[in-house]
file protein_24.pdb (PDB, C-alpha atoms and all ligand atoms)
ATOM      1  CA  MET B   7     -17.290  43.130 -56.125  1.00  0.00           C
ATOM      2  CA  ASN B   8     -18.678  39.835 -54.874  1.00  0.00           C
ATOM      3  CA  PRO B   9     -22.517  39.809 -54.766  1.00  0.00           C
ATOM      4  CA  ALA B  10     -22.377  37.145 -52.042  1.00  0.00           C
ATOM      5  CA  TYR B  11     -20.718  39.641 -49.683  1.00  0.00           C
ATOM      6  CA  THR B  12     -22.401  42.549 -47.941  1.00  0.00           C
ATOM      7  CA  ASP B  13     -21.786  46.082 -49.221  1.00  0.00           C
ATOM      8  CA  SER B  14     -19.643  46.987 -46.221  1.00  0.00           C
ATOM      9  CA  LEU B  15     -17.513  43.853 -46.629  1.00  0.00           C
ATOM     10  CA  ASN B  16     -16.979  44.611 -50.307  1.00  0.00           C
ATOM     11  CA  GLU B  17     -16.065  48.174 -49.360  1.00  0.00           C
ATOM     12  CA  LEU B  18     -13.480  46.968 -46.817  1.00  0.00           C
ATOM     13  CA  ILE B  19     -11.968  44.522 -49.328  1.00  0.00           C
ATOM     14  CA  ASP B  20     -11.708  47.294 -51.930  1.00  0.00           C
ATOM     15  CA  ARG B  21     -10.027  49.597 -49.382  1.00  0.00           C
ATOM     16  CA  PHE B  22      -7.462  46.973 -48.362  1.00  0.00           C
ATOM     17  CA  ALA B  23      -6.770  46.223 -52.035  1.00  0.00           C
ATOM     18  CA  THR B  24      -5.645  49.830 -52.575  1.00  0.00           C
ATOM     19  CA  LEU B  25      -2.752  49.345 -50.103  1.00  0.00           C
ATOM     20  CA  PRO B  26       0.717  48.725 -51.567  1.00  0.00           C
ATOM     21  CA  GLY B  27       1.621  45.044 -51.914  1.00  0.00           C
ATOM     22  CA  ILE B  28      -1.941  43.875 -51.142  1.00  0.00           C
ATOM     23  CA  GLY B  29      -3.650  41.916 -53.921  1.00  0.00           C
ATOM     24  CA  HIS B  30      -7.358  41.093 -54.013  1.00  0.00           C
ATOM     25  CA  LYS B  31      -6.940  37.690 -52.322  1.00  0.00           C
ATOM     26  CA  THR B  32      -4.972  39.160 -49.408  1.00  0.00           C
ATOM     27  CA  ALA B  33      -7.493  41.990 -49.156  1.00  0.00           C
ATOM     28  CA  GLU B  34     -10.256  39.389 -48.791  1.00  0.00           C
ATOM     29  CA  ARG B  35      -8.285  37.528 -46.140  1.00  0.00           C
ATOM     30  CA  LEU B  36      -7.699  40.728 -44.157  1.00  0.00           C
ATOM     31  CA  ALA B  37     -11.337  41.779 -44.418  1.00  0.00           C
ATOM     32  CA  PHE B  38     -12.544  38.384 -43.160  1.00  0.00           C
ATOM     33  CA  HIS B  39     -10.026  38.575 -40.340  1.00  0.00           C
ATOM     34  CA  ILE B  40     -11.498  41.937 -39.295  1.00  0.00           C
ATOM     35  CA  LEU B  41     -14.986  40.459 -39.562  1.00  0.00           C
ATOM     36  CA  LYS B  42     -14.095  37.586 -37.194  1.00  0.00           C
ATOM     37  CA  THR B  43     -11.949  39.536 -34.750  1.00  0.00           C
ATOM     38  CA  ASP B  44     -13.380  40.976 -31.513  1.00  0.00           C
ATOM     39  CA  PRO B  45     -14.895  44.481 -31.773  1.00  0.00           C
ATOM     40  CA  GLU B  46     -12.194  46.050 -29.513  1.00  0.00           C
ATOM     41  CA  SER B  47      -9.287  44.961 -31.751  1.00  0.00           C
ATOM     42  CA  ALA B  48     -11.105  46.011 -34.911  1.00  0.00           C
ATOM     43  CA  MET B  49     -11.939  49.435 -33.488  1.00  0.00           C
ATOM     44  CA  ALA B  50      -8.369  49.862 -32.179  1.00  0.00           C
ATOM     45  CA  LEU B  51      -7.148  49.415 -35.780  1.00  0.00           C
ATOM     46  CA  ALA B  52      -9.712  51.909 -37.095  1.00  0.00           C
ATOM     47  CA  ASN B  53      -8.737  54.392 -34.361  1.00  0.00           C
ATOM     48  CA  ALA B  54      -5.012  53.975 -35.075  1.00  0.00           C
ATOM     49  CA  ILE B  55      -5.627  54.832 -38.747  1.00  0.00           C
ATOM     50  CA  GLN B  56      -7.708  57.846 -37.776  1.00  0.00           C
ATOM     51  CA  SER B  57      -5.152  58.983 -35.196  1.00  0.00           C
ATOM     52  CA  VAL B  58      -2.174  58.792 -37.561  1.00  0.00           C
ATOM     53  CA  LYS B  59      -4.043  60.902 -40.121  1.00  0.00           C
ATOM     54  CA  THR B  60      -5.335  63.413 -37.579  1.00  0.00           C
ATOM     55  CA  ASN B  61      -2.248  63.833 -35.394  1.00  0.00           C
ATOM     56  CA  THR B  62       0.680  63.408 -37.794  1.00  0.00           C
ATOM     57  CA  ARG B  63       1.969  66.532 -39.487  1.00  0.00           C
ATOM     58  CA  GLN B  64       5.207  67.859 -40.940  1.00  0.00           C
ATOM     59  CA  CYS B  65       7.961  69.191 -38.697  1.00  0.00           C
ATOM     60  CA  LYS B  66       8.115  72.963 -39.219  1.00  0.00           C
ATOM     61  CA  LEU B  67      11.911  72.845 -39.472  1.00  0.00           C
ATOM     62  CA  CYS B  68      12.927  69.634 -41.277  1.00  0.00           C
ATOM     63  CA  PHE B  69       9.604  68.448 -42.828  1.00  0.00           C
ATOM     64  CA  SER B  70       9.896  65.013 -41.247  1.00  0.00           C
ATOM     65  CA  ILE B  71       6.787  63.567 -39.595  1.00  0.00           C
ATOM     66  CA  CYS B  72       5.851  64.631 -36.067  1.00  0.00           C
ATOM     67  CA  GLU B  73       2.887  65.216 -33.763  1.00  0.00           C
ATOM     68  CA  GLY B  74       3.748  68.687 -32.451  1.00  0.00           C
ATOM     69  CA  ASP B  75       5.457  71.640 -34.142  1.00  0.00           C
ATOM     70  CA  LEU B  76       8.892  69.998 -34.189  1.00  0.00           C
ATOM     71  CA  CYS B  77       9.907  66.357 -34.656  1.00  0.00           C
ATOM     72  CA  THR B  78      11.774  64.388 -31.976  1.00  0.00           C
ATOM     73  CA  VAL B  79      15.112  64.920 -33.787  1.00  0.00           C
ATOM     74  CA  CYS B  80      14.776  68.699 -34.190  1.00  0.00           C
ATOM     75  CA  SER B  81      13.647  69.133 -30.579  1.00  0.00           C
ATOM     76  CA  ASP B  82      16.529  67.009 -29.178  1.00  0.00           C
ATOM     77  CA  PRO B  83      19.182  69.342 -27.646  1.00  0.00           C
ATOM     78  CA  LYS B  84      21.776  66.530 -27.719  1.00  0.00           C
ATOM     79  CA  ARG B  85      21.744  66.501 -31.532  1.00  0.00           C
ATOM     80  CA  ASP B  86      24.358  68.254 -33.664  1.00  0.00           C
ATOM     81  CA  HIS B  87      22.184  71.053 -35.024  1.00  0.00           C
ATOM     82  CA  ALA B  88      25.071  72.405 -37.114  1.00  0.00           C
ATOM     83  CA  THR B  89      25.011  69.356 -39.421  1.00  0.00           C
ATOM     84  CA  ILE B  90      22.037  68.829 -41.725  1.00  0.00           C
ATOM     85  CA  CYS B  91      21.545  65.528 -43.545  1.00  0.00           C
ATOM     86  CA  VAL B  92      19.360  66.013 -46.645  1.00  0.00           C
ATOM     87  CA  VAL B  93      17.096  63.074 -47.569  1.00  0.00           C
ATOM     88  CA  GLU B  94      14.320  62.634 -50.126  1.00  0.00           C
ATOM     89  CA  GLN B  95      11.692  61.039 -47.881  1.00  0.00           C
ATOM     90  CA  ALA B  96      10.940  60.572 -44.185  1.00  0.00           C
ATOM     91  CA  ASN B  97      11.411  56.809 -44.764  1.00  0.00           C
ATOM     92  CA  ASP B  98      15.080  57.484 -45.619  1.00  0.00           C
ATOM     93  CA  LEU B  99      15.494  59.359 -42.348  1.00  0.00           C
ATOM     94  CA  ILE B 100      14.029  56.415 -40.454  1.00  0.00           C
ATOM     95  CA  SER B 101      16.432  53.972 -42.165  1.00  0.00           C
ATOM     96  CA  LEU B 102      19.448  56.179 -41.355  1.00  0.00           C
ATOM     97  CA  GLU B 103      18.306  56.567 -37.735  1.00  0.00           C
ATOM     98  CA  LYS B 104      18.101  52.769 -37.371  1.00  0.00           C
ATOM     99  CA  THR B 105      21.915  52.604 -37.753  1.00  0.00           C
ATOM    100  CA  GLY B 106      22.188  54.486 -34.442  1.00  0.00           C
ATOM    101  CA  MET B 107      25.161  56.392 -35.890  1.00  0.00           C
ATOM    102  CA  CYS B 108      23.524  59.684 -36.773  1.00  0.00           C
ATOM    103  CA  LYS B 109      23.809  62.553 -34.320  1.00  0.00           C
ATOM    104  CA  TRP B 110      22.906  65.210 -36.876  1.00  0.00           C
ATOM    105  CA  VAL B 111      19.560  66.758 -37.813  1.00  0.00           C
ATOM    106  CA  TYR B 112      17.742  66.324 -41.129  1.00  0.00           C
ATOM    107  CA  HIS B 113      16.024  68.063 -43.979  1.00  0.00           C
ATOM    108  CA  VAL B 114      13.346  66.080 -45.832  1.00  0.00           C
ATOM    109  CA  LEU B 115      12.945  67.269 -49.433  1.00  0.00           C
ATOM    110  CA  GLY B 116       9.662  65.498 -50.113  1.00  0.00           C
ATOM    111  CA  GLY B 117      10.997  63.734 -53.227  1.00  0.00           C
ATOM    112  CA  HIS B 118      13.439  64.462 -56.035  1.00  0.00           C
ATOM    113  CA  ILE B 119      13.491  66.770 -59.032  1.00  0.00           C
ATOM    114  CA  ALA B 120      11.943  64.998 -62.043  1.00  0.00           C
ATOM    115  CA  PRO B 121      10.890  67.495 -64.753  1.00  0.00           C
ATOM    116  CA  LEU B 122       9.460  64.705 -66.938  1.00  0.00           C
ATOM    117  CA  ASP B 123       7.067  63.806 -64.118  1.00  0.00           C
ATOM    118  CA  GLY B 124       6.315  67.479 -63.518  1.00  0.00           C
ATOM    119  CA  ILE B 125       8.281  67.661 -60.248  1.00  0.00           C
ATOM    120  CA  GLU B 126      10.131  70.974 -60.182  1.00  0.00           C
ATOM    121  CA  PRO B 127      12.478  72.288 -57.464  1.00  0.00           C
ATOM    122  CA  SER B 128       9.649  74.494 -56.186  1.00  0.00           C
ATOM    123  CA  ASP B 129       7.592  71.363 -55.425  1.00  0.00           C
ATOM    124  CA  LEU B 130      10.242  70.274 -52.904  1.00  0.00           C
ATOM    125  CA  THR B 131      11.432  71.926 -49.669  1.00  0.00           C
ATOM    126  CA  ILE B 132      14.672  73.158 -51.289  1.00  0.00           C
ATOM    127  CA  ASP B 133      13.944  76.852 -50.610  1.00  0.00           C
ATOM    128  CA  ASP B 134      13.409  76.043 -46.945  1.00  0.00           C
ATOM    129  CA  LEU B 135      16.772  74.231 -46.844  1.00  0.00           C
ATOM    130  CA  VAL B 136      18.550  77.217 -48.378  1.00  0.00           C
ATOM    131  CA  ARG B 137      16.840  79.464 -45.818  1.00  0.00           C
ATOM    132  CA  ARG B 138      18.013  77.206 -42.970  1.00  0.00           C
ATOM    133  CA  VAL B 139      21.616  77.349 -44.176  1.00  0.00           C
ATOM    134  CA  ARG B 140      21.464  81.076 -44.885  1.00  0.00           C
ATOM    135  CA  ALA B 141      20.208  81.701 -41.336  1.00  0.00           C
ATOM    136  CA  GLY B 142      23.678  80.629 -40.181  1.00  0.00           C
ATOM    137  CA  GLY B 143      25.089  78.186 -37.638  1.00  0.00           C
ATOM    138  CA  ILE B 144      25.312  75.318 -40.156  1.00  0.00           C
ATOM    139  CA  GLY B 145      28.793  73.780 -40.581  1.00  0.00           C
ATOM    140  CA  GLU B 146      28.034  70.856 -42.893  1.00  0.00           C
ATOM    141  CA  VAL B 147      25.268  69.713 -45.227  1.00  0.00           C
ATOM    142  CA  ILE B 148      25.319  65.994 -46.030  1.00  0.00           C
ATOM    143  CA  MET B 149      23.578  65.034 -49.272  1.00  0.00           C
ATOM    144  CA  ALA B 150      21.843  61.700 -48.724  1.00  0.00           C
ATOM    145  CA  THR B 151      19.563  61.653 -51.749  1.00  0.00           C
ATOM    146  CA  ASN B 152      19.125  58.279 -53.431  1.00  0.00           C
ATOM    147  CA  PRO B 153      22.143  57.126 -55.500  1.00  0.00           C
ATOM    148  CA  ASN B 154      20.279  57.154 -58.812  1.00  0.00           C
ATOM    149  CA  MET B 155      19.854  59.631 -61.656  1.00  0.00           C
ATOM    150  CA  GLU B 156      17.082  61.710 -60.059  1.00  0.00           C
ATOM    151  CA  GLY B 157      18.712  61.685 -56.612  1.00  0.00           C
ATOM    152  CA  ASP B 158      22.110  62.734 -58.031  1.00  0.00           C
ATOM    153  CA  GLY B 159      20.511  65.451 -60.151  1.00  0.00           C
ATOM    154  CA  THR B 160      18.646  66.808 -57.141  1.00  0.00           C
ATOM    155  CA  ALA B 161      21.833  66.802 -55.021  1.00  0.00           C
ATOM    156  CA  LEU B 162      23.717  68.603 -57.780  1.00  0.00           C
ATOM    157  CA  TYR B 163      21.038  71.272 -58.045  1.00  0.00           C
ATOM    158  CA  ILE B 164      21.009  71.820 -54.270  1.00  0.00           C
ATOM    159  CA  CYS B 165      24.831  72.016 -54.225  1.00  0.00           C
ATOM    160  CA  SER B 166      24.718  74.790 -56.811  1.00  0.00           C
ATOM    161  CA  LEU B 167      22.476  76.813 -54.465  1.00  0.00           C
ATOM    162  CA  LEU B 168      24.420  76.065 -51.265  1.00  0.00           C
ATOM    163  CA  ARG B 169      27.970  76.432 -52.561  1.00  0.00           C
ATOM    164  CA  PRO B 170      27.845  80.272 -52.707  1.00  0.00           C
ATOM    165  CA  LEU B 171      26.847  80.253 -49.022  1.00  0.00           C
ATOM    166  CA  GLY B 172      30.258  78.799 -48.115  1.00  0.00           C
ATOM    167  CA  VAL B 173      28.946  75.765 -46.220  1.00  0.00           C
ATOM    168  CA  LYS B 174      30.837  72.442 -46.345  1.00  0.00           C
ATOM    169  CA  ILE B 175      28.886  69.974 -48.503  1.00  0.00           C
ATOM    170  CA  THR B 176      29.454  66.213 -48.327  1.00  0.00           C
ATOM    171  CA  ARG B 177      27.576  63.213 -49.635  1.00  0.00           C
ATOM    172  CA  LEU B 178      27.209  59.626 -48.495  1.00  0.00           C
ATOM    173  CA  ALA B 179      29.902  57.326 -49.897  1.00  0.00           C
ATOM    174  CA  ARG B 180      29.104  54.878 -52.638  1.00  0.00           C
ATOM    175  CA  GLY B 181      28.750  51.986 -50.268  1.00  0.00           C
ATOM    176  CA  LEU B 182      25.217  52.307 -51.555  1.00  0.00           C
ATOM    177  CA  PRO B 183      24.662  50.361 -54.765  1.00  0.00           C
ATOM    178  CA  SER B 184      23.795  52.654 -57.675  1.00  0.00           C
ATOM    179  CA  GLY B 185      20.168  52.546 -58.717  1.00  0.00           C
ATOM    180  CA  SER B 186      19.015  51.392 -55.280  1.00  0.00           C
ATOM    181  CA  SER B 187      17.187  53.387 -52.641  1.00  0.00           C
ATOM    182  CA  ILE B 188      18.148  54.309 -49.076  1.00  0.00           C
ATOM    183  CA  GLU B 189      14.888  53.035 -47.683  1.00  0.00           C
ATOM    184  CA  PHE B 190      15.729  49.437 -48.594  1.00  0.00           C
ATOM    185  CA  ALA B 191      19.479  49.434 -47.860  1.00  0.00           C
ATOM    186  CA  THR B 192      20.710  47.174 -45.033  1.00  0.00           C
ATOM    187  CA  GLY B 193      22.176  48.651 -41.860  1.00  0.00           C
ATOM    188  CA  ASN B 194      25.743  47.632 -42.813  1.00  0.00           C
ATOM    189  CA  ILE B 195      25.590  49.264 -46.228  1.00  0.00           C
ATOM    190  CA  LEU B 196      24.190  52.444 -44.695  1.00  0.00           C
ATOM    191  CA  ALA B 197      26.878  52.400 -41.973  1.00  0.00           C
ATOM    192  CA  ASP B 198      29.635  52.183 -44.630  1.00  0.00           C
ATOM    193  CA  ALA B 199      28.038  54.957 -46.614  1.00  0.00           C
ATOM    194  CA  ILE B 200      27.752  57.229 -43.576  1.00  0.00           C
ATOM    195  CA  LEU B 201      31.358  56.686 -42.466  1.00  0.00           C
ATOM    196  CA  GLY B 202      32.781  57.048 -45.982  1.00  0.00           C
ATOM    197  CA  ARG B 203      30.903  60.164 -47.031  1.00  0.00           C
ATOM    198  CA  SER B 204      33.044  62.483 -49.118  1.00  0.00           C
ATOM    199  CA  LYS B 205      33.218  66.164 -49.953  1.00  0.00           C
ATOM    200  CA  ILE B 206      31.402  67.229 -53.125  1.00  0.00           C
ATOM    201  CA  GLU B 207      33.859  69.124 -55.306  1.00  0.00           C
TER     202      GLU B 207
HETATM  203 ZN    ZN N   1      12.305  68.105 -37.566  1.00  0.00          ZN
END
call {"tool": "encode", "arguments": {"input": "protein_24.pdb", "output": "structure tokens"}}
result
Amino acid sequence: MNPAYTDSLNELIDRFATLPGIGHKTAERLAFHILKTDPESAMALANAIQSVKTNTRQCKLCFSICEGDLCTVCSDPKRDHATICVVEQANDLISLEKTGMCKWVYHVLGGHIAPLDGIEPSDLTIDDLVRRVRAGGIGEVIMATNPNMEGDGTALYICSLLRPLGVKITRLARGLPSGSSIEFATGNILADAILGRSKIE
């Protein structure tokens, strides 16, 4: 709170400072940039923020982000709807899609199981995944949870629910470094991991 600034400027700085990776100095710089910029550009930014919060919702089928009932992947008839790739977050889906190699559809869990943090299986979309597989027409489920303890544990739990349904279950190969996350993997590493995915015994 700088008493030399107006209340609204202080408010804007505080708001920017809550964003990930933005410290107080950067927040100040951004706020002053908004202050100096022409009204149209500033309002376009405000409208874009409002629009993304108003219009973005979860896909009814895969829980990715979308603007209608279904996301662009789920509503694409050219996709392989018999193969479901299970990811923790929508960001992981976006990273996998950037490789241009994925013709399958997705299921976004909304995180991983972490009992110590109070995240139980019922907090994720695991039941919905089981329902999708049980409904039939699914040939393969690819586990693409993060290659770390929580991601592996979540994949293992899901496998235990899907195995009795007789569906083929694979996981991405360990081209992915352990302890890393899919969101930050390079395209090449993701490409290796997609091609080398292996059956979960
Ligand atoms: Zn979808």
call {"tool": "closest_residue", "arguments": {"input": "protein_24.pdb", "among": "B:Arg203, B:Lys66, B:His87, B:Arg177", "to": "ligand ZN 1 (chain N)", "atoms": "all atoms listed in the file"}}
result
B:Lys66
call {"tool": "residues_around", "arguments": {"input": "protein_24.pdb", "residues": "B:Thr105", "least_positions_apart": "2", "cutoff": "12 Å", "atoms": "all atoms listed in the file", "output": "ChimeraX atom specification"}}
result
/B:98-103,107-109,191-201
call {"tool": "closest_residue", "arguments": {"input": "protein_24.pdb", "among": "B:Ile40, B:Ala120, B:Leu135, B:Leu130", "to": "ligand ZN 1 (chain N)", "atoms": "only C-alpha atoms and all ligand atoms"}}
result
B:Leu135
call {"tool": "closest_atom_pairs", "arguments": {"input": "protein_24.pdb", "of": "chain B", "to": "ligand ZN 1 (chain N)", "cutoff": "8 Å", "atoms": "only C-alpha atoms and all ligand atoms", "output": "Markdown table"}}
result
| residue | atom | partner | partner_atom | distance |
| --- | --- | --- | --- | --- |
| B:Gln64 | CA | N:ZN1 | ZN | 7.9 |
| B:Cys65 | CA | N:ZN1 | ZN | 4.6 |
| B:Lys66 | CA | N:ZN1 | ZN | 6.6 |
| B:Leu67 | CA | N:ZN1 | ZN | 5.1 |
| B:Cys68 | CA | N:ZN1 | ZN | 4.1 |
| B:Phe69 | CA | N:ZN1 | ZN | 5.9 |
| B:Ser70 | CA | N:ZN1 | ZN | 5.4 |
| B:Ile71 | CA | N:ZN1 | ZN | 7.4 |
| B:Cys72 | CA | N:ZN1 | ZN | 7.5 |
| B:Leu76 | CA | N:ZN1 | ZN | 5.2 |
| B:Cys77 | CA | N:ZN1 | ZN | 4.2 |
| B:Thr78 | CA | N:ZN1 | ZN | 6.7 |
| B:Val79 | CA | N:ZN1 | ZN | 5.7 |
| B:Cys80 | CA | N:ZN1 | ZN | 4.2 |
| B:Ser81 | CA | N:ZN1 | ZN | 7.2 |
| B:Val111 | CA | N:ZN1 | ZN | 7.4 |
| B:Tyr112 | CA | N:ZN1 | ZN | 6.7 |
| B:His113 | CA | N:ZN1 | ZN | 7.4 |
call {"tool": "residues_around", "arguments": {"input": "protein_24.pdb", "residues": "B:Ala88", "least_positions_apart": "6", "cutoff": "6 Å", "atoms": "only C-alpha atoms", "output": "ChimeraX atom specification"}}
result
/B:143-145
call {"tool": "residues_around", "arguments": {"input": "protein_24.pdb", "residues": "B:Ala37", "least_positions_apart": "2", "cutoff": "12 Å", "atoms": "all atoms listed in the file", "output": "PyMOL selection string"}}
result
chain B and resi 11-12+14-23+28+30-35+39-43+48
call {"tool": "residues_near_point", "arguments": {"input": "protein_24.pdb", "point": "(30.9, 68.2, -56.3)", "cutoff": "12 Å", "atoms": "only C-alpha atoms", "output": "list in words"}}
result
Ile148, Met149, Asp158, Gly159, Ala161, Leu162, Tyr163, Ile164, Cys165, Ser166, Leu168, Arg169, Lys174, Ile175, Thr176, Arg177, Ser204, Lys205, Ile206 and Glu207 of chain B
call {"tool": "atom_distance", "arguments": {"input": "protein_24.pdb", "atom1": "atom CA of B:Val147", "atom2": "atom CA of B:Thr89"}}
result
5.8 Å
call {"tool": "residues_around", "arguments": {"input": "protein_24.pdb", "residues": "B:Asp129", "least_positions_apart": "3", "cutoff": "12 Å", "atoms": "all atoms listed in the file", "output": "mmCIF file with C-alpha atoms, in the coordinates of the input"}}
result
data_model
loop_
_atom_site.group_PDB
_atom_site.id
_atom_site.type_symbol
_atom_site.label_atom_id
_atom_site.label_comp_id
_atom_site.auth_asym_id
_atom_site.auth_seq_id
_atom_site.Cartn_x
_atom_site.Cartn_y
_atom_site.Cartn_z
ATOM 1 C CA LEU B 115 12.945 67.269 -49.433
ATOM 2 C CA GLY B 116 9.662 65.498 -50.113
ATOM 3 C CA GLY B 117 10.997 63.734 -53.227
ATOM 4 C CA HIS B 118 13.439 64.462 -56.035
ATOM 5 C CA ILE B 119 13.491 66.770 -59.032
ATOM 6 C CA ALA B 120 11.943 64.998 -62.043
ATOM 7 C CA PRO B 121 10.890 67.495 -64.753
ATOM 8 C CA ASP B 123 7.067 63.806 -64.118
ATOM 9 C CA GLY B 124 6.315 67.479 -63.518
ATOM 10 C CA ILE B 125 8.281 67.661 -60.248
ATOM 11 C CA GLU B 126 10.131 70.974 -60.182
ATOM 12 C CA ILE B 132 14.672 73.158 -51.289
ATOM 13 C CA ASP B 133 13.944 76.852 -50.610
ATOM 14 C CA ASP B 134 13.409 76.043 -46.945
#
call {"tool": "atom_distance", "arguments": {"input": "protein_24.pdb", "atom1": "atom CA of B:Ser184", "atom2": "atom CA of B:Met155"}}
result
8.9 Å
call {"tool": "atom_distance", "arguments": {"input": "protein_24.pdb", "atom1": "atom CA of B:Ile90", "atom2": "atom CA of B:Leu182"}}
result
19.5 Å
call {"tool": "closest_residue", "arguments": {"input": "protein_24.pdb", "among": "B:Val136, B:Asp13, B:Pro45, B:Ala150", "to": "B:Ala96", "atoms": "only C-alpha atoms"}}
result
B:Ala150
call {"tool": "closest_residue", "arguments": {"input": "protein_24.pdb", "among": "B:Thr131, B:Ser187, B:Arg180, B:Lys84", "to": "B:Asn154", "atoms": "all atoms listed in the file"}}
result
B:Ser187
call {"tool": "closest_residue", "arguments": {"input": "protein_24.pdb", "among": "B:Val92, B:Met7, B:Val139, B:Ile188", "to": "B:Pro170", "atoms": "all atoms listed in the file"}}
result
B:Val139
